[in-house]
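J.: Got a structure for you, questions after.
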Amino acid sequence: MKLHYLKAIYYFGNQAFEGLTTLNIKEHMFILLNYFPAICGRFRRTESGRPYIKCNDCGVRFIEAKCEKTMDEWLEMMKENASIEKYLTPNQIIGPELAFSPTVLVQFTKFKCGGMSVGLSWAHVLGDAFSAAEFMNTLGKVVADEKPNRHINLAQMKTKSTNTKSPIKIMEDPLSIKRVGPVGDNWLTVNNCKMEAFSFSVNDTQLSHFQSKISSKGTNFTPFEALSAVIWQCIAKIRPESEPKVVTICKKSEQNKVDGNNQLISVVKADYPIVEVDPSELAALMKNASFDEREKIEIAIKKDDGVSDFIVYGANLTFVNLEEVKCYEFEYRKQKPVYVGYRLDGISDSGAVLLLPGPPKNGGRTVVAILPEDEVIELKSELKSEWFMD
Amino acid sequence: MVGISIAILRLGPEEIVNIWRSLDIDLVHILCSSFLIIFICTVYFMSKPRSVYLVDYACYKPPIIWRVPFSTFMEHSRLILKDNLKSVDFQMRILERSGLGEETCLPPAIHYIPPTPTMEAAREEAQVVIFSAIDSLMQKTGIKAKDIDILIVNCSLFSPTPSLSAMVVNKYKLRSNIKSYNLSGMGCSAGLISMDLARDLLQAHPNSYALVVSTEIITPNYYKGSERAMLLPNCLFRMGSAAILLSNKNRDKRRAKYRLVHVVRTHKGSDDKAYKCVYEQEDSQGKVGINLSKDLMVIAAEALKSNITTIGPLVLPASEQILFLFTLIGRKIFNPKWKPYIPDFKQAFEHFCIHAGGRAVIDELQKNLQLSSEHVEASRMTLHRFGNTSSSSLWYEMSYIEAKGRMKKGDRVWQIAFGSGFKCNSAVWKCNRTIKTPTDGPWQDCIDRYPVHIPEIVKL
C-alpha cells in the first residue's frame with residue numbers, strides 16, 4: 001500500500017475556527033498526536049532494505065494556506081472542475097529522503113468568508129480510510145476536551161505467525177496486486193497517463209431507484225454492489241479494446257481491528273463480455289466475491305522479504321467501499337463539516353472508484369472516480385445518458 | 001583581650017572597684033571615650049557593604065508544544081539548507097554530540113519552514129518568556145509592582161526601542177521613579193553582570209528591591225545561512241528566561257534563599273584573539289550569524305584561570321592558598337616543570353553552576369577544576385532538558401539543585417558564566433536557609449527522570 005495516498009478534505013463554515021490562531025489549532029493537534037506515535041515517526045530501512053517506521057517524534061507537517069474565494073464560490077468551481085481540490089491538500093509523496101518525509105500532512109486553508117478547509121494527506125501505508133477518518137474524529141474529540149478512547153498502540157502485532165520453516169510455495173502473484181518496477185525511495189506510482197478525479201452525488205431517491213432497477217429474482221443488492229456494477233459496465237463501454245474483465249474490490253473487514261490496513265481485498269473475474277450483460281449479473285458477481293486475497297498478497301510480498309514494490313489500487317479497475325467511513329463525524333468545536341471529499345492518489349492506470357457516504361443533509365452516496373483524464377468526459381456522458389446521473 | 005579578661009575575672013569585685021577609682025577617670029574622659037566608641041562603630045557599620053539577599057527567583061518553562069526533537073530539527077534543517085548537504089550533515093553531527101535532549105524548545109516563529117523572524121514575533125517571544133517568569137516570581141515572593149525600586153533586564157541579541165525594561169515597566173505599571181537598566185550585547189555572562197550592577201545599586205540605595213530579568217530572545221537570531229562555524233548556535237541556543245528578586249532590606253534576612261557573597265568579573269577583551277572568538281558578522285552571502293572561532297575552548301580556559309586567580313584568595317581555605325603559593329613560587333624559582341597546582345575548589349564550595357554553554361564547556365571546566373560528575377550534574381542536566389538558554393541557564397541549574405533537595409543552609413554555590421568579549425564572570429552565593437524541595441519550578445514534572453545518562457553520541 002505504500003505507493004498510495006489518501007486525501008481527505010473537510011469543509012467547515014466560519015463558526016468552527018472563528019477566533020482561533022494557528023497556535024491554538026496546533027495545541028490540540030499536539031494532544032492528538034500523543035495517541036498516534038507511529039504517525040509522528042519517519043521511515044528508515046533495515047539492513048535488508050525493508051522499510052520500517054522509527055517513532056522519533058518528528059511529527060506531522062502543518063501547512064497554512066489562504067484562498068481568495070469564499071467557500072460557496074469554491075464549491076461551485078469544484079462542480080465544473082473537481083481537480084482544483086488538489087490545492088487544498090498537501091501533495092507531497094514519501095521520498096526521495098525517507099527519513100525526512102512526513103507520512104501525514106495537514107493543510108488548513110482559510111477562505112475569504114471565514115470558512116476553513118482541513119486537508120489531510122495520509123500515506124496509505126499507515127492505514128486505510130477507516131483509520132484516517134478515525135484519526136480526524138479523534139482530533140474532534142480532543143478539541144471538545146473529551147478523552148479519546150484509545151490506547152497508545154505502538155506496533156501492529158500480527159495475529160498469524162508465518163511458519164518460516166515450511167518452504168514457501170512459488171505461486172503466481174495474486175490478481176489483486178501488480179508488481180511495479182523498483183521505486184527505490186521515491187514512493188510514487190508511475191502512470192502512463194495523467195489521472196483525474198471527478199465526483200458526483202447520488203441522493204437517496206436515485207439510490208433506491210438504482211437498487212430496484214438492478215435487483216432481479218428477489219436478490220437485493222447493496223448500494224455499493226449496485227453502483228459498482230453500473231459503473232463497471234459504463235467503464236467497459238468506454239474501454240472497448242481493453243474491457244476490464246477483472247475487478248478488485250476493497251471493503252471494510254468485519255473484524256474490529258486496530259488501525260492499519262485492514263480492508264478485505266478480493267477479486268472478481270468475469271469470463272464474458274461486460275458490455276452486453278445485465279448489470280444485475282455483475283452485481284451478483286460482486287456480491288459473491290468473498291475470497292479474501294490478503295493471505296496470498298502477504299505470501300507474494302514475503303517472497304523477497306518485503307523489498308519489492310506493489311500496488312493495489314489501479315492494478316485492475318478497483319472499487320473501494322468506503323460507505324462506512326465515519327467522515328462526517330469529525331466535529332470541530334461542535335460544528336460538523338459542510339462537505340467532505342475523499343480521494344486517492346497514486347492510483348495506477350486502470351483507475352479506481354470510491355463510494356463514500358453522502359452529506360448528512362442529502363443522504364445517499366458520493367461517488368469519486370479516479371481515471372485517466374481522457375476517460376473522464378466519456379464516463380460522465382455515459383452516466384448521464386444511460387443512467388441520468390450527473 | 002583574652003588575657004586581660006581572664007586577669008580581670010580573677011580579681012574580686014572590691015579590687016576591681018579600687019582599680020577603677022585609681023584610674024581617676026572623670027566625666028569628660030567617659031564622654032570622650034563613649035563618643036569615640038560610638039563614632040568608630042558608626043563608621044564601621046556605614047562603610048560595611050550592605051548585604052544583598054536573593055529573596056527568590058523564577059525560571060520560565062516553555063510549553064511542551066514548542067519542543068524541538070532531534071528529528072524535527074534535522075528535518076527542518078534539511079528543508080531549509082536544501083542545497084548545502086554538507087552543512088546539514090555538520091548540523092546532524094553537532095546535534096548528536098551536543099548533550100541536548102529532545103524536550104528543548106524554540107519559539108513558534110522558528111518552527112516555520114523557513115523561519116519567519118519578524119520583529120513582532122520577537123516581541124511576542126520576549127513578552128511570553130519575560131512576563132511568565134515575572135508573574136511566577138511575584139506569586140512566589142508576594143511582592144507588588146509598586147515595591148520594585150530597581151529593574152535590570154539583560155538580553156544580548158534583541159534590543160528593540162523601547163527597551164525590554166521599558167516593556168516590563170509598561171506591563172506591570174512600575175513606579176515612575178524606578179531605576180531601570182537594559183543591558184544588551186553582553187553575551188551569556190550578562191546574567192552575572194546584572195547581578196553585579198544590582199549589587200552596586202543596592203549599596204547606593206538603602207531599603208530597596210531589585211528585579212533582575214535574564215533572558216535571550218531566539219526569534220531574530222536564527223542563522224539562515226550555511227556557513228558551518230555559524231550554524232553551531234542554531235543547534236544549541238534555546239528559549240528560556242529567569243527573573244530574580246534581590247533585596248537589601250533587613251526583613252528579608254530571614255526569608256531570603258541566598259546571600260550574595262562575591263561577584264568577580266574578568267574581561268579578556270584586551271587580547272585580540274579573545275575579543276574576536278565569538279563574533280557576530282555577515283557570512284559570504286550577507287546573512288548575519290555568530291561566528292565561533294576554533295580557539296574558543298583555549299580562550300575560555302585562559303579566562304577561567306584569570307577569574308580563579310582573583311576569586312581563589314577570596315574563597316579558598318588558607319591551606320589551599322598556601323599550597324598554591326608554594327607551587328607557584330616553586331615553578332618560578334626552582335623548577336618550571338612542576339605541575340601547576342590546581343586549588344581544590346571543592347573545599348570552598350558545595351555546589352557548582354557552570355553555564356550550560358555546550359558540552360565542551362562543561363567537560364573543559366570539569367577537567368580544569370577536577371570536579372566529579374555529581375558536581376557538574378546540574379549543568380549537564382540543564383543542558384539536556386533546556387539547552388543553552390544563555391544568561392538564564394545558571395538559574396535553571398540552581399533550580400535543579402533545589403529540586404533535588406541538595407541545598408542546605410550554609411551551602412556555598414559558585415556560578416560561573418562565560419560570554420562574548422571574552423568574559424568570565426563568577427558569583428558566590430551562600431545559602432541562607434535549607435530549601436525544601438520546591439513544588440513548582442521548571443523541573444517540577446521531570447526531576448524524577450533525572451539524572452539521565454547522556455551518551456557521547458546519540459544515534460539520530
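Residue numbers start at 1 in each chain; chains themselves are named A, B, ... in the order of the C-alpha cells; ligands are numbered from 1 in the order shown.
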Determine which residues of segment 172-239 of chain B receive a DSSP assignment of strand (DSSP E), computed from the backbone, and state them as a list in words.

T.: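 Of segment 172-239 of chain B, the ones in strand (DSSP E) are Lys179, Ser180, Tyr181, Asn182, Leu183, Tyr209, Ala210, Leu211, Val212, Val213, Ser214, Thr215 and Glu216 of chain B.
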
J.: Could you pull out the alpha helix (DSSP H) residues of segment 109-323 of chain B, going by DSSP on the backbone, and write them as a ChimeraX atom specification?

T.: /B:119-141,164-172,190-204,228-236,252-255,272-276,296-315,318-323

J.: Please list as a list in words every residue within 8 Å of segment 104-111 of chain B, counting only C-alpha atoms and excluding residues in the same chain fewer than 6 positions away.

T.: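 Returned residues: Pro62, Pro63, Ile64, Trp66, Arg67, Val68, Pro69, Pro117, Ala121, Glu125, Ile218, Thr219, Tyr222, Arg238, Met239, His384, Arg385, Phe386 and Gly387 of chain B.
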
J.: Using only C-alpha atoms, I'd like every residue of chain B that has an atom within 6 Å of chain A; please write them out as a PyMOL selection string.

T.: chain B and resi 71-72+75

J.: So that I can check the surroundings of Arg343 of chain A, please list as a PyMOL selection string every protein, DNA and RNA residue that reaches within 8 Å of it, counting only C-alpha atoms and ignoring chain neighbours fewer than 6 positions away.

T.: chain A and resi 6-8+197+354+368+370

J.: Output the selection as a short mmCIF file (atom, residue, chain, number, x, y, z; two decimals), in the first residue's frame - C-alpha atoms for each residue.

T.:
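Below is the file that was written, out-v3.cif:
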```cif
data_model
loop_
_atom_site.label_atom_id
_atom_site.label_comp_id
_atom_site.auth_asym_id
_atom_site.auth_seq_id
_atom_site.Cartn_x
_atom_site.Cartn_y
_atom_site.Cartn_z
CA LEU A 6 -5.36 9.08 0.78
CA LYS A 7 -6.51 12.68 0.56
CA ALA A 8 -9.40 13.96 2.63
CA ALA A 197 -10.70 12.60 -10.26
CA LEU A 354 -14.63 5.11 -4.23
CA VAL A 368 -15.43 9.55 -6.59
CA ILE A 370 -10.20 8.42 -10.45
#
```

J.: Calculated over only C-alpha atoms, which of the candidates A:Leu207, A:Met1, A:Ile53, A:Val142 has the smallest distance to Tyr35 of chain A?

T.: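 Of A:Leu207, A:Met1, A:Ile53, A:Val142, the one nearest Tyr35 of chain A, counting only C-alpha atoms, is A:Val142.
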
J.: Excluding segment 202-216 of chain B and any residue of its chain fewer than 2 positions from it, enumerate the residues within 8 Å of it, using only C-alpha atoms, and give them as a PyMOL selection string.

T.: chain B and resi 49-50+52+129-130+134+147-158+190-191+194-195+198-200+218+239-250+389-392

J.: Could you please determine the separation between atom CA of Leu100 of chain B and atom CA of Leu236 of chain B in Å, to one decimal place?

T.: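 Going from atom CA of Leu100 of chain B over to atom CA of Leu236 of chain B, I get 7.6 Å.
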
J.: Of the candidates B:Ala403, B:Val169, B:Cys188, B:Ile454, which shows the shortest atom-to-atom distance to Ser373 of chain B, using only C-alpha atoms?

T.: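 Ranking B:Ala403, B:Val169, B:Cys188, B:Ile454 by distance to Ser373 of chain B, first place goes to B:Ile454.
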
J.: Please provide the set of residues having any atom within 9 Å of Tyr328 of chain A, restricted to only C-alpha atoms, with same-chain residues fewer than 2 positions apart removed, written as a ChimeraX atom specification.

T.: /A:10,133,137,325-326,330-331,336-340,357-360

J.: Using only C-alpha atoms, which residues sit within 9 Å of Ala283 of chain A once same-chain residues fewer than 4 positions away are excluded, as a PyMOL selection string?

T.: chain A and resi 214-215+221-222+224-230+279+287-288

J.: Can those selected residues be exported to a file as a short mmCIF file (atom, residue, chain, number, x, y, z; two decimals), in the first residue's frame so that it contains all heavy atoms?

T.:
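Result saved to again-v8.cif:
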```cif
data_model
loop_
_atom_site.label_atom_id
_atom_site.label_comp_id
_atom_site.auth_asym_id
_atom_site.auth_seq_id
_atom_site.Cartn_x
_atom_site.Cartn_y
_atom_site.Cartn_z
N ILE A 214 -31.83 -2.66 -10.63
CA ILE A 214 -30.84 -3.71 -10.83
C ILE A 214 -31.22 -5.02 -10.17
O ILE A 214 -30.87 -6.09 -10.65
CB ILE A 214 -29.47 -3.23 -10.32
CG1 ILE A 214 -29.02 -2.05 -11.20
CG2 ILE A 214 -28.46 -4.32 -10.34
CD1 ILE A 214 -27.69 -1.54 -10.91
N SER A 215 -31.98 -4.95 -9.09
CA SER A 215 -32.33 -6.21 -8.42
C SER A 215 -33.08 -7.12 -9.35
O SER A 215 -33.90 -6.68 -10.15
CB SER A 215 -33.24 -5.95 -7.22
OG SER A 215 -32.72 -4.96 -6.45
N PHE A 221 -29.52 -5.92 -3.84
CA PHE A 221 -28.11 -5.57 -3.82
C PHE A 221 -27.89 -4.34 -2.98
O PHE A 221 -28.74 -3.46 -2.92
CB PHE A 221 -27.59 -5.32 -5.25
CG PHE A 221 -27.60 -6.55 -6.08
CD1 PHE A 221 -28.42 -6.62 -7.19
CD2 PHE A 221 -26.84 -7.64 -5.75
CE1 PHE A 221 -28.44 -7.76 -7.98
CE2 PHE A 221 -26.86 -8.78 -6.51
CZ PHE A 221 -27.67 -8.85 -7.64
N THR A 222 -26.74 -4.30 -2.33
CA THR A 222 -26.43 -3.11 -1.52
C THR A 222 -26.11 -1.97 -2.47
O THR A 222 -25.79 -2.20 -3.65
CB THR A 222 -25.20 -3.36 -0.64
OG1 THR A 222 -24.07 -3.57 -1.49
CG2 THR A 222 -25.39 -4.55 0.28
N PHE A 224 -23.52 -0.30 -2.74
CA PHE A 224 -22.18 -0.47 -3.29
C PHE A 224 -22.21 -1.40 -4.49
O PHE A 224 -21.66 -1.11 -5.56
CB PHE A 224 -21.24 -1.02 -2.21
CG PHE A 224 -19.86 -1.35 -2.71
CD1 PHE A 224 -19.02 -0.34 -3.18
CD2 PHE A 224 -19.40 -2.65 -2.77
CE1 PHE A 224 -17.75 -0.64 -3.66
CE2 PHE A 224 -18.13 -2.96 -3.24
CZ PHE A 224 -17.31 -1.95 -3.70
N GLU A 225 -22.86 -2.54 -4.31
CA GLU A 225 -22.88 -3.52 -5.40
C GLU A 225 -23.59 -2.95 -6.61
O GLU A 225 -23.13 -3.07 -7.75
CB GLU A 225 -23.54 -4.81 -4.92
CG GLU A 225 -22.69 -5.60 -3.94
CD GLU A 225 -23.52 -6.44 -2.98
OE1 GLU A 225 -24.76 -6.47 -3.15
OE2 GLU A 225 -22.92 -7.02 -2.07
N ALA A 226 -24.71 -2.27 -6.34
CA ALA A 226 -25.50 -1.74 -7.46
C ALA A 226 -24.71 -0.70 -8.23
O ALA A 226 -24.53 -0.78 -9.45
CB ALA A 226 -26.79 -1.14 -6.92
N LEU A 227 -24.20 0.28 -7.51
CA LEU A 227 -23.48 1.37 -8.18
C LEU A 227 -22.22 0.85 -8.86
O LEU A 227 -21.90 1.27 -9.98
CB LEU A 227 -23.12 2.46 -7.16
CG LEU A 227 -24.29 3.37 -6.76
CD1 LEU A 227 -23.92 4.21 -5.57
CD2 LEU A 227 -24.68 4.26 -7.93
N SER A 228 -21.51 -0.05 -8.19
CA SER A 228 -20.27 -0.56 -8.80
C SER A 228 -20.56 -1.29 -10.09
O SER A 228 -19.84 -1.14 -11.07
CB SER A 228 -19.55 -1.49 -7.83
OG SER A 228 -19.40 -0.88 -6.60
N ALA A 229 -21.62 -2.08 -10.07
CA ALA A 229 -21.94 -2.85 -11.27
C ALA A 229 -22.21 -1.90 -12.43
O ALA A 229 -21.71 -2.07 -13.55
CB ALA A 229 -23.16 -3.72 -11.01
N VAL A 230 -22.97 -0.84 -12.13
CA VAL A 230 -23.32 0.13 -13.16
C VAL A 230 -22.08 0.80 -13.72
O VAL A 230 -21.87 0.90 -14.93
CB VAL A 230 -24.28 1.18 -12.54
CG1 VAL A 230 -24.34 2.42 -13.38
CG2 VAL A 230 -25.64 0.57 -12.34
N PRO A 279 -26.54 -5.61 -15.83
CA PRO A 279 -25.76 -5.18 -14.64
C PRO A 279 -26.06 -6.02 -13.40
O PRO A 279 -25.21 -6.17 -12.53
CB PRO A 279 -26.20 -3.73 -14.42
CG PRO A 279 -26.80 -3.27 -15.68
CD PRO A 279 -27.25 -4.47 -16.45
N LYS A 287 -21.31 -9.52 -5.29
CA LYS A 287 -21.86 -9.94 -4.01
C LYS A 287 -21.21 -11.23 -3.56
O LYS A 287 -20.90 -11.44 -2.38
CB LYS A 287 -23.37 -10.16 -4.16
CG LYS A 287 -24.12 -10.15 -2.84
CD LYS A 287 -25.59 -10.43 -3.08
CE LYS A 287 -26.37 -10.25 -1.81
NZ LYS A 287 -26.45 -8.85 -1.38
N ASN A 288 -20.96 -12.10 -4.53
CA ASN A 288 -20.43 -13.41 -4.16
C ASN A 288 -18.92 -13.45 -4.06
O ASN A 288 -18.35 -14.47 -3.71
CB ASN A 288 -20.90 -14.47 -5.17
CG ASN A 288 -22.41 -14.53 -5.17
OD1 ASN A 288 -23.05 -14.34 -4.14
ND2 ASN A 288 -22.99 -14.79 -6.33
#
```

J.: Record the distance separating atom CA of Ile93 of chain A and atom CA of Leu344 of chain A, expressed in Å with one decimal.

T.: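 Atom CA of Ile93 of chain A sits 12.5 Å away from atom CA of Leu344 of chain A.
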
J.: Quick one: pull the distance between atom CA of Pro37 of chain A and atom CA of Lys147 of chain A, Å, one decimal.

T.: 16.6 Å

J.: Pick from B:Lys346, B:Lys337, B:Lys367, B:Lys423: nearest to Val264 of chain B, with only C-alpha atoms counted?

T.: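 Of B:Lys346, B:Lys337, B:Lys367, B:Lys423, the one nearest Val264 of chain B is B:Lys423, counting only C-alpha atoms.
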
J.: Please determine, counting only C-alpha atoms, which residue among B:Leu174, B:Val288, B:Lys224, B:Met138 has the shortest atom-to-atom distance to His76 of chain B.

T.: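 Between B:Leu174, B:Val288, B:Lys224, B:Met138, the residue approaching His76 of chain B most closely is B:Lys224.
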